[in-house]
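Comments concern the structure below.
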Amino acid sequence: MALARAFADPVHDAQQTFRAVMNALARPGTLQPVAGLTGAPAPLSPVAAAVAVALADYETPLWLDGRLAAAPDVAAWLAFHTGARIGAAPSQAAFALVADAGILPDLAGFAQGTDVYPDRSTTLIVQVAELGPIASAAMRVRLAGPGISGHATLAVSCLPADIADRLAANHALFPRGVDLVLAGPEGVAALPRTTRVTLVEA
Amino acid sequence: MTVHQTASGYNFAYLDEQTKRMIRRAILKAIAIPGYQVPFASREMPMPYGWGTGGVQVTAAILGSGDRLKVIDQGADDTTNAVSIRKFFEKTSGVETTTHTADATIIQTRHRIPEKTLTADQVLVYQVPIPEPLRFLEPRETETRVMHALEDYGLMHVKLYEDIATHGHIATTYAYPVKVEDRYVMDPSPTPKFDNPKMNDCAALQLFGAGREKRIYALPPHTKVVSLDFEDHPFEPTKFDHACALCGATHTYLDEVITDDAGGRMFVCSDTDHCEERRAEGHRGELLGEAPAAIAGAAE
Amino acid sequence: MYVAVKGGERAIDNAHRLLAHARRGDPAVPEVAPAQIREQLTLAVDRVMTEGSLYDRDLAAIAIKQARGDLVEAAFLVRAFRSTLPRFGASEPVDTAAMQVARRVSATFKDIPGGQVLGPTFDYTHRLVDFLLEAGADVPEPARAPADETAMPRVTDLLGHDDLIERNPPGDPDAPVPDLTREPLDLPAGRDLRLQNLARGDEGFILALGYSTQRGFGRTHPFAGEIRLGEVEVELFSEDLGFAVPLGDITVTECQMVNQFKGSATEPPRFTRGYGLAFGHCERKTMGMALVDRALRAGELGEEVKAPAQDEEFVLMHSDNVQATGFVEHLKLPHYVDFQAELGLIREIAGRQAGDEPLKEAAE
């Protein structure tokens, strides 16, 4: 397996990717463009790979969902490019990478943080096929909360049908809870624990 | 590959990439939990603790080559520590700097929020000396962090109420505590309470860095930020009876300048960029032309 | 349009030129070389390495020169440099029992295997200013004796054989070593983190706290079990080779205090330990450190926590002189804005108490 450099320009590209994730979390529902890492081994998506390489390192245990864990190239590639320990238990993971958004695991199984340290929680990086304010995706959600003036709408595919209920349960734990970074083909959008999510009927 | 090394021999924006990642992760958590102080492994910086090391680390972690950076201290671009920090980033990152609020993508500040309304394209980075709003009521970190966890802010309300009993009103004029999204009580850093209303529903992302105390916190855009008060003693921002002597503004925070030893004084905008912009637009204060150059700036 | 920004830059540049000039002093006097500092102001170098948390005599010497002899400033320079260095790993624990001893004294036993070794010490010097140093003079060769091959076991190990002193908790070789310089301090801290904090802590602060325990503020009934100074080998475990590789020798000072412990419901009375370790020859520092270490174990040993030296948060949060000097000295930065806010308030309150209208200038 060829293991070339992940980012062509590690300093600049990591900064750009981080800024996209930062803006996505600061403005839930907005699509923030990310230049994907085309060298990422399938089924790891180029955008999810860029986010992982920009943020993970030996201090951040990673959890991979079933589909990613079943592809041995993925774990080796992530370990090489981030130095992160792969295969952490969900409750110990700093980041969780999910390729199969349709069978997103129970959010309560990930690190939720504590009342004293709610930041000690997992950030999920969830790959989705379609993402954007006006994508013709299967699901449209309405968002409200910090980072949003009034409300925002996000179109997204692949997420389970009960996602709004699950995110509501996550939101109810505030300040504990997990944060979701959705990785679409062109960029990222985020659903932090502060965001109130409701399904928009088609 | 582009080599992001400046003449100084250090990495782009001084910090190594591992440190930046660690700070970036803390920033993301801070945004996800508005008003909560995220512990981070603050590094020893080449400037003293208490002189902006927290703000400098936050700025260094978010800064990119396309950014335009403005640094202010007390509202002014020309205060010595603002000059020093701006120079640090010019030297270590080579990014463009500006004194114009509207042109900046990142504004690092100590003690003020610019007068000009910030936009969605901007990030305001605060330098924070003591991030814990309860610190002067309870010096122990082990106690205050439990108070935050339990949302137990009774001590703060008692303090504010004692102010009212003693002085007839809340006697806190800067670092005036706020409540964020009805959950965390937060220290806005030692900005004057005049600036508190600007934090609420602000279009820009606001990041707070406390280097010595090793904490980062954040206000996402359009976050509800309420200054603590009581129904019968509502929060009132400071108002001045004066207009700026240079630009005539009546809505800005003013610095008092002693002009002689016989009680002479004048009041001028603390936000120097805002004041200059108003003068460039033709606004005239009553002492413009008479004020010493050290205050008014050199000839326009 | 506005040149004050440039003016501020010029002021700073000029101030720093003046600083360089003041640092140099009278140009008729030869400039001091870092090698002279390294060789002749060795205790200053040792303190700067210890509080700077970086063992590099040459770097510390340059820092002392750059800081004009201000050792806190020099430690700050060293630390700022240190924070940019890549980290390759954590060394194996140094074995002070295997130290090449230059000095070793025990106050608890008249004679011990390996003997008492006074070594280079100010102890028993009469503090009379030596005016011969003004002109400089050749120093006599040190006295020499055949090398003594007798092992020098640590006094605390000797006590340990008789089970008279608490056992050191067995170390878990797989447990990660916390690093105060890479993680924010989380309280309550383990003893490992506390010792890191004290080792980096300001010598004066640690000394004063240790002294306070002797005067009754958290008394620990200490005996100087042993103070030893000498060279120890630093080794790094190599994953590739599968064994530890020596990196070199460093000089350290170690102090082991032996303290009374009256016992508890579950523990028989036995001696307890207080520990101090520092780079170079830092005897005062390690002795103070060992006293404070023992005082900070009050909670663990079931003693009442009431004195400053026993108060973990108070000690650990205020021991660092780089943090302390930064925050104390930041008060000289401009505070016009907050001061104006307070000025308005004071005028208003004063005006109201005098029954007058608030001053015209007063903020509401």
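In the structure tokens, the first chain shown is A, the next is B, and so on; residue numbers restart at 1 for each chain, and ligands run from 1 in the order shown.
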### Contact residues (chain C, partner chain B, 9 Å, only C-alpha atoms) as JSON, numbers by chain
{"C": [1, 2, 3, 4, 5, 6, 7, 8, 9, 11, 12, 76, 77, 79, 80, 81, 82, 83, 84, 85, 86, 180, 181, 182, 183, 184, 185, 186, 187, 188, 313, 314, 322, 323, 324, 325, 326, 327, 328, 329, 330, 331, 333, 334, 335, 336, 337, 338, 339, 340, 341, 342, 344, 345, 349, 360, 361, 362, 363, 364]}
Show me a table, sorted first by chain and then by increasing residue number, of the residues of chain A having an atom at most 12 Å from chain C, each with its shortest atom pair and the distance in Å to one decimal, counting only C-alpha atoms and written as JSON lines.
{"residue": "A:Glu59", "atom": "CA", "partner": "C:Glu183", "partner_atom": "CA", "distance": 10.7}
{"residue": "A:Val116", "atom": "CA", "partner": "C:Asp186", "partner_atom": "CA", "distance": 11.8}
{"residue": "A:Tyr117", "atom": "CA", "partner": "C:Asp186", "partner_atom": "CA", "distance": 11.0}
### Query
Can you list, as a list of chain:residue names, every residue of region 28-209 of chain C that DSSP puts in strand (DSSP E or B)?
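Result set for region 28-209 of chain C (strand (DSSP E or B)): C:Gln100, C:Val101, C:Ala102, C:Arg103, C:Arg104, C:Val105, C:Val117, C:Ile165.
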Selection to disk with N, CA and C atoms, as a PDB file, in the first residue's frame:
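Generated output (part.pdb):
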ATOM      1  N   GLN C 100      26.971   8.683  40.395  1.00  0.00           N
ATOM      2  CA  GLN C 100      28.379   8.992  40.643  1.00  0.00           C
ATOM      3  C   GLN C 100      28.387  10.158  41.625  1.00  0.00           C
ATOM      4  N   VAL C 101      28.565   9.858  42.889  1.00  0.00           N
ATOM      5  CA  VAL C 101      28.292  10.848  43.926  1.00  0.00           C
ATOM      6  C   VAL C 101      29.423  11.867  44.061  1.00  0.00           C
ATOM      7  N   ALA C 102      29.079  13.141  44.086  1.00  0.00           N
ATOM      8  CA  ALA C 102      30.040  14.207  44.346  1.00  0.00           C
ATOM      9  C   ALA C 102      29.878  14.754  45.764  1.00  0.00           C
ATOM     10  N   ARG C 103      28.700  14.539  46.307  1.00  0.00           N
ATOM     11  CA  ARG C 103      28.411  15.003  47.657  1.00  0.00           C
ATOM     12  C   ARG C 103      27.289  14.137  48.187  1.00  0.00           C
ATOM     13  N   ARG C 104      27.383  13.819  49.448  1.00  0.00           N
ATOM     14  CA  ARG C 104      26.339  12.995  50.019  1.00  0.00           C
ATOM     15  C   ARG C 104      26.396  13.132  51.533  1.00  0.00           C
ATOM     16  N   VAL C 105      25.335  13.662  52.109  1.00  0.00           N
ATOM     17  CA  VAL C 105      25.297  13.806  53.555  1.00  0.00           C
ATOM     18  C   VAL C 105      23.980  13.264  54.083  1.00  0.00           C
ATOM     19  N   VAL C 117      30.049  12.331  52.377  1.00  0.00           N
ATOM     20  CA  VAL C 117      30.947  13.018  51.437  1.00  0.00           C
ATOM     21  C   VAL C 117      30.528  14.475  51.380  1.00  0.00           C
ATOM     22  N   ILE C 165      10.297   2.547  57.305  1.00  0.00           N
ATOM     23  CA  ILE C 165       9.794   3.677  56.528  1.00  0.00           C
ATOM     24  C   ILE C 165       8.784   3.133  55.537  1.00  0.00           C
TER      25      ILE C 165
END
### Message
Which residues are near region 110-114 of chain C? Cut-off 12 Å, only C-alpha atoms, ignore same chain within fewer than 3 positions. Put them as a PyMOL selection string.
### Response
chain C and resi 97+99-107+117+147-159+225-226+228
Dump as a PDB file, in the first residue's frame, selection limited to C-alpha atoms:
ATOM      1  CA  ALA C  97      21.164   4.820  43.816  1.00  0.00           C
ATOM      2  CA  MET C  99      24.731   7.988  41.080  1.00  0.00           C
ATOM      3  CA  GLN C 100      28.379   8.992  40.643  1.00  0.00           C
ATOM      4  CA  VAL C 101      28.292  10.848  43.926  1.00  0.00           C
ATOM      5  CA  ALA C 102      30.040  14.207  44.346  1.00  0.00           C
ATOM      6  CA  ARG C 103      28.411  15.003  47.657  1.00  0.00           C
ATOM      7  CA  ARG C 104      26.339  12.995  50.019  1.00  0.00           C
ATOM      8  CA  VAL C 105      25.297  13.806  53.555  1.00  0.00           C
ATOM      9  CA  SER C 106      22.863  12.247  55.953  1.00  0.00           C
ATOM     10  CA  ALA C 107      21.653  13.834  59.157  1.00  0.00           C
ATOM     11  CA  VAL C 117      30.947  13.018  51.437  1.00  0.00           C
ATOM     12  CA  ALA C 147      38.389   6.023  44.251  1.00  0.00           C
ATOM     13  CA  ASP C 148      36.172   4.279  46.760  1.00  0.00           C
ATOM     14  CA  GLU C 149      34.329   1.446  45.078  1.00  0.00           C
ATOM     15  CA  THR C 150      31.942   0.982  48.019  1.00  0.00           C
ATOM     16  CA  ALA C 151      28.336   1.178  46.902  1.00  0.00           C
ATOM     17  CA  MET C 152      26.361   4.096  48.300  1.00  0.00           C
ATOM     18  CA  PRO C 153      22.857   2.824  48.922  1.00  0.00           C
ATOM     19  CA  ARG C 154      20.254   5.443  49.628  1.00  0.00           C
ATOM     20  CA  VAL C 155      19.567   5.949  53.318  1.00  0.00           C
ATOM     21  CA  THR C 156      15.862   5.516  52.748  1.00  0.00           C
ATOM     22  CA  ASP C 157      16.583   2.116  51.177  1.00  0.00           C
ATOM     23  CA  LEU C 158      18.509   1.124  54.289  1.00  0.00           C
ATOM     24  CA  LEU C 159      15.535   2.119  56.427  1.00  0.00           C
ATOM     25  CA  GLY C 225      17.680  11.388  55.580  1.00  0.00           C
ATOM     26  CA  GLU C 226      19.989  12.078  52.719  1.00  0.00           C
ATOM     27  CA  ARG C 228      23.113  13.537  47.355  1.00  0.00           C
TER      28      ARG C 228
END
### Task
With a distance threshold of 6 Å and counting only C-alpha atoms, extract the residues of chain A near chain B and express them as JSON, numbers by chain.
{"A": [8, 9, 26, 55, 115, 116, 119, 146, 147, 148, 149, 192]}
Could the residues in this selection be written to a file with all heavy atoms, as an mmCIF file, in the first residue's frame?
data_model
loop_
_atom_site.group_PDB
_atom_site.id
_atom_site.type_symbol
_atom_site.label_atom_id
_atom_site.label_comp_id
_atom_site.auth_asym_id
_atom_site.auth_seq_id
_atom_site.Cartn_x
_atom_site.Cartn_y
_atom_site.Cartn_z
ATOM 1 N N ALA A 8 -1.119 17.889 0.813
ATOM 2 C CA ALA A 8 0.007 18.339 -0.012
ATOM 3 C C ALA A 8 0.792 19.420 0.732
ATOM 4 O O ALA A 8 2.011 19.470 0.680
ATOM 5 C CB ALA A 8 -0.509 18.875 -1.344
ATOM 6 N N ASP A 9 0.079 20.273 1.419
ATOM 7 C CA ASP A 9 0.706 21.346 2.192
ATOM 8 C C ASP A 9 0.187 21.214 3.626
ATOM 9 O O ASP A 9 -0.874 21.750 3.961
ATOM 10 C CB ASP A 9 0.314 22.694 1.573
ATOM 11 C CG ASP A 9 0.907 23.866 2.321
ATOM 12 O OD1 ASP A 9 1.379 23.678 3.469
ATOM 13 O OD2 ASP A 9 0.910 24.975 1.766
ATOM 14 N N ALA A 26 -19.665 26.578 14.330
ATOM 15 C CA ALA A 26 -20.100 27.899 14.780
ATOM 16 C C ALA A 26 -21.400 28.306 14.098
ATOM 17 O O ALA A 26 -22.142 29.129 14.630
ATOM 18 C CB ALA A 26 -19.006 28.933 14.504
ATOM 19 N N LEU A 55 -7.462 16.964 12.476
ATOM 20 C CA LEU A 55 -7.776 17.113 13.903
ATOM 21 C C LEU A 55 -7.227 16.013 14.800
ATOM 22 O O LEU A 55 -7.058 16.215 15.998
ATOM 23 C CB LEU A 55 -9.300 17.180 14.091
ATOM 24 C CG LEU A 55 -9.970 18.409 13.475
ATOM 25 C CD1 LEU A 55 -11.483 18.300 13.618
ATOM 26 C CD2 LEU A 55 -9.468 19.694 14.133
ATOM 27 N N ASP A 115 -20.558 16.273 33.855
ATOM 28 C CA ASP A 115 -21.111 17.586 34.190
ATOM 29 C C ASP A 115 -19.996 18.597 34.436
ATOM 30 O O ASP A 115 -20.123 19.767 34.107
ATOM 31 C CB ASP A 115 -22.002 17.476 35.434
ATOM 32 C CG ASP A 115 -23.303 16.762 35.120
ATOM 33 O OD1 ASP A 115 -23.758 16.845 33.955
ATOM 34 O OD2 ASP A 115 -23.859 16.107 36.018
ATOM 35 N N VAL A 116 -18.899 18.117 35.042
ATOM 36 C CA VAL A 116 -17.789 19.028 35.318
ATOM 37 C C VAL A 116 -16.965 19.277 34.053
ATOM 38 O O VAL A 116 -16.539 20.395 33.779
ATOM 39 C CB VAL A 116 -16.905 18.449 36.441
ATOM 40 C CG1 VAL A 116 -15.623 19.255 36.583
ATOM 41 C CG2 VAL A 116 -17.664 18.448 37.757
ATOM 42 N N ASP A 119 -16.603 18.726 27.958
ATOM 43 C CA ASP A 119 -15.810 18.706 26.720
ATOM 44 C C ASP A 119 -15.173 17.338 26.472
ATOM 45 O O ASP A 119 -14.678 17.086 25.378
ATOM 46 C CB ASP A 119 -14.701 19.770 26.792
ATOM 47 C CG ASP A 119 -13.818 19.601 28.015
ATOM 48 O OD1 ASP A 119 -14.344 19.596 29.139
ATOM 49 O OD2 ASP A 119 -12.589 19.468 27.853
ATOM 50 N N PRO A 146 -27.726 28.202 19.212
ATOM 51 C CA PRO A 146 -26.572 29.088 19.081
ATOM 52 C C PRO A 146 -25.888 28.899 17.714
ATOM 53 O O PRO A 146 -25.787 27.778 17.229
ATOM 54 C CB PRO A 146 -25.640 28.644 20.210
ATOM 55 C CG PRO A 146 -26.532 27.979 21.199
ATOM 56 C CD PRO A 146 -27.656 27.376 20.420
ATOM 57 N N GLY A 147 -25.470 29.995 17.129
ATOM 58 C CA GLY A 147 -24.832 29.940 15.819
ATOM 59 C C GLY A 147 -25.808 30.171 14.688
ATOM 60 O O GLY A 147 -25.404 30.315 13.537
ATOM 61 N N ILE A 148 -27.094 30.178 15.013
ATOM 62 C CA ILE A 148 -28.119 30.293 13.982
ATOM 63 C C ILE A 148 -28.994 31.499 14.306
ATOM 64 O O ILE A 148 -29.526 31.605 15.420
ATOM 65 C CB ILE A 148 -28.996 29.021 13.939
ATOM 66 C CG1 ILE A 148 -28.111 27.799 13.683
ATOM 67 C CG2 ILE A 148 -30.080 29.152 12.869
ATOM 68 C CD1 ILE A 148 -28.811 26.485 13.973
ATOM 69 N N SER A 149 -29.128 32.397 13.348
ATOM 70 C CA SER A 149 -30.036 33.515 13.520
ATOM 71 C C SER A 149 -31.418 33.034 13.097
ATOM 72 O O SER A 149 -31.629 32.710 11.932
ATOM 73 C CB SER A 149 -29.563 34.682 12.650
ATOM 74 O OG SER A 149 -30.431 35.771 12.816
ATOM 75 N N PRO A 192 -23.837 20.535 16.343
ATOM 76 C CA PRO A 192 -23.334 20.445 17.718
ATOM 77 C C PRO A 192 -24.475 20.129 18.667
ATOM 78 O O PRO A 192 -25.650 20.224 18.307
ATOM 79 C CB PRO A 192 -22.753 21.839 17.969
ATOM 80 C CG PRO A 192 -23.436 22.731 17.009
ATOM 81 C CD PRO A 192 -23.766 21.890 15.807
#
### Message
I need the residues in region 12-107 of chain B that are helix (DSSP H, G or I) according to DSSP; give them as a count of residues only.
### Response
43
### Task
For CA of Lys65 (chain C) and CA of Phe279 (chain C), quote the distance in Å rounded to one decimal.
19.5 Å
### Message
Residues near Asp182 (chain B), anyone? I mean within 9 Å using only C-alpha atoms, not counting same-chain ones fewer than 3 positions away, as a ChimeraX atom specification.
### Response
/B:179,185,224-226
### Query
Residues at most 10 Å from Ile103 (chain A), counting only C-alpha atoms, excluding those fewer than 3 positions away in the same chain, as a list in words?
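Counting only the stated atoms, we get Asp65, Gly66, Val98, Ala99, Asp100, Asp106, Cys158, Leu159 and Pro160 of chain A.
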### Query
Excluding same-chain residues fewer than 3 positions from region 80-97 of chain A, what lies within 7 Å of it counting only C-alpha atoms, as a list in words?
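Returned residues: Ala6, Val53, Ala56, Asp57, Tyr58, Glu59, Thr60, Pro61, Leu62, Trp63, Leu64, Asp65, Ala75, Ala76, Trp77, Gly109, Phe110, Ala111, Ser121, Thr122, Thr123, Leu124, Ile125 and Val126 of chain A.
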Can I get the selection written as a tab-separated table (two decimals), in the first residue's frame, with N, CA and C atoms?
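Saved to result27.tsv:
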chain	number	residue	atom	x	y	z
A	6	ALA	N	-0.50	12.92	3.24
A	6	ALA	CA	-1.95	13.14	3.20
A	6	ALA	C	-2.25	14.52	2.60
A	53	VAL	N	-7.52	13.85	9.47
A	53	VAL	CA	-6.09	14.16	9.44
A	53	VAL	C	-5.82	15.54	10.04
A	56	ALA	N	-6.99	14.84	14.25
A	56	ALA	CA	-6.62	13.71	15.12
A	56	ALA	C	-5.10	13.57	15.22
A	57	ASP	N	-4.63	13.07	16.35
A	57	ASP	CA	-3.22	12.71	16.51
A	57	ASP	C	-3.11	11.71	17.65
A	58	TYR	N	-1.90	11.50	18.13
A	58	TYR	CA	-1.71	10.43	19.11
A	58	TYR	C	-2.45	10.68	20.42
A	59	GLU	N	-2.94	11.89	20.60
A	59	GLU	CA	-3.69	12.18	21.83
A	59	GLU	C	-5.18	11.87	21.70
A	60	THR	N	-5.64	11.48	20.51
A	60	THR	CA	-7.08	11.34	20.29
A	60	THR	C	-7.42	9.94	19.78
A	61	PRO	N	-7.89	9.07	20.67
A	61	PRO	CA	-8.30	7.74	20.21
A	61	PRO	C	-9.45	7.84	19.19
A	62	LEU	N	-9.37	7.00	18.15
A	62	LEU	CA	-10.38	7.00	17.09
A	62	LEU	C	-11.20	5.72	17.16
A	63	TRP	N	-12.48	5.88	16.90
A	63	TRP	CA	-13.35	4.71	16.76
A	63	TRP	C	-13.85	4.67	15.32
A	64	LEU	N	-13.85	3.50	14.72
A	64	LEU	CA	-14.32	3.34	13.35
A	64	LEU	C	-15.59	2.50	13.35
A	65	ASP	N	-16.54	2.88	12.52
A	65	ASP	CA	-17.76	2.06	12.47
A	65	ASP	C	-17.47	0.76	11.72
A	75	ALA	N	-7.81	1.65	8.52
A	75	ALA	CA	-7.15	1.79	9.83
A	75	ALA	C	-5.66	2.07	9.66
A	76	ALA	N	-5.04	1.37	8.73
A	76	ALA	CA	-3.60	1.58	8.53
A	76	ALA	C	-3.32	2.99	8.03
A	77	TRP	N	-4.16	3.44	7.10
A	77	TRP	CA	-3.97	4.79	6.54
A	77	TRP	C	-4.13	5.86	7.62
A	109	GLY	N	-23.78	5.74	23.43
A	109	GLY	CA	-22.68	4.82	23.65
A	109	GLY	C	-21.32	5.51	23.53
A	110	PHE	N	-21.29	6.73	23.00
A	110	PHE	CA	-20.02	7.45	22.87
A	110	PHE	C	-19.75	8.26	24.13
A	111	ALA	N	-18.54	8.77	24.24
A	111	ALA	CA	-18.19	9.59	25.41
A	111	ALA	C	-19.11	10.81	25.43
A	121	SER	N	-15.90	14.57	25.42
A	121	SER	CA	-16.94	13.85	24.70
A	121	SER	C	-16.45	13.55	23.29
A	122	THR	N	-17.15	12.62	22.63
A	122	THR	CA	-16.77	12.21	21.28
A	122	THR	C	-17.33	13.19	20.25
A	123	THR	N	-16.52	13.48	19.24
A	123	THR	CA	-17.03	14.18	18.06
A	123	THR	C	-17.18	13.14	16.96
A	124	LEU	N	-18.40	13.04	16.41
A	124	LEU	CA	-18.65	12.06	15.35
A	124	LEU	C	-18.43	12.72	13.98
A	125	ILE	N	-17.69	12.05	13.14
A	125	ILE	CA	-17.52	12.50	11.76
A	125	ILE	C	-18.32	11.51	10.91
A	126	VAL	N	-19.43	11.97	10.37
A	126	VAL	CA	-20.39	11.07	9.72
A	126	VAL	C	-20.41	11.35	8.22
### Query
Hey, can you check how far CA of Thr252 (chain B) sits from CA of Thr98 (chain B)?
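Separating CA of Thr252 (chain B) from CA of Thr98 (chain B) is a distance of 21.1 Å.
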### Message
Please list as a list in words every residue within 10 Å of Val21 (chain A), counting only C-alpha atoms and excluding residues in the same chain fewer than 2 positions away.
### Response
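Once the adjacent positions are removed, what remains is Gln15, Gln16, Thr17, Phe18, Arg19, Asn23, Ala24, Leu25, Ala26, Arg27, Leu31, Gln32, Pro33, Val34, Val51, Ala54, Leu55, Val181, Leu182, Ala183, Gly187, Val188, Ala189 and Ala190 of chain A; Arg24 and Leu28 of chain B.
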Mind writing the picked residues with C-alpha atoms as a CSV table (one decimal), in the first residue's frame?
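The new file result_15.csv reads:
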chain,number,residue,atom,x,y,z
A,15,GLN,CA,-5.6,25.1,8.8
A,16,GLN,CA,-8.1,25.4,6.0
A,17,THR,CA,-9.8,22.2,6.9
A,18,PHE,CA,-9.9,23.1,10.6
A,19,ARG,CA,-11.4,26.5,9.7
A,23,ASN,CA,-17.2,27.6,10.9
A,24,ALA,CA,-19.5,24.6,10.5
A,25,LEU,CA,-19.8,24.2,14.3
A,26,ALA,CA,-20.1,27.9,14.8
A,27,ARG,CA,-22.9,28.1,12.2
A,31,LEU,CA,-22.1,23.9,4.3
A,32,GLN,CA,-18.4,24.7,4.6
A,33,PRO,CA,-16.2,23.6,1.7
A,34,VAL,CA,-13.4,21.2,2.4
A,51,VAL,CA,-11.2,16.3,8.8
A,54,ALA,CA,-6.6,17.8,10.4
A,55,LEU,CA,-7.8,17.1,13.9
A,181,VAL,CA,-19.7,16.8,11.9
A,182,LEU,CA,-21.4,15.7,8.6
A,183,ALA,CA,-18.9,15.1,5.8
A,187,GLY,CA,-17.6,19.9,2.5
A,188,VAL,CA,-18.9,19.7,6.0
A,189,ALA,CA,-21.9,20.8,8.1
A,190,ALA,CA,-22.2,20.4,11.8
B,24,ARG,CA,-8.1,23.6,17.6
B,28,LEU,CA,-14.3,23.2,18.6
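The gap separating CA of Val232 (chain C) from CA of Glu283 (chain C) is 16.3 Å, in Å to one decimal.
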### Task
Between C:Ile227, C:Tyr55, C:Ala90, C:Leu41, single out the one closest to Gly69 (chain C), counting only C-alpha atoms.
C:Leu41
### Query
Which residue out of A:Val178, A:Ala164, A:Leu68, A:Ala155 has the minimum interatomic distance to Ala129 (chain A) when only C-alpha atoms are used?
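Looking at the shortest contact to Ala129 (chain A), the residue is A:Ala155.
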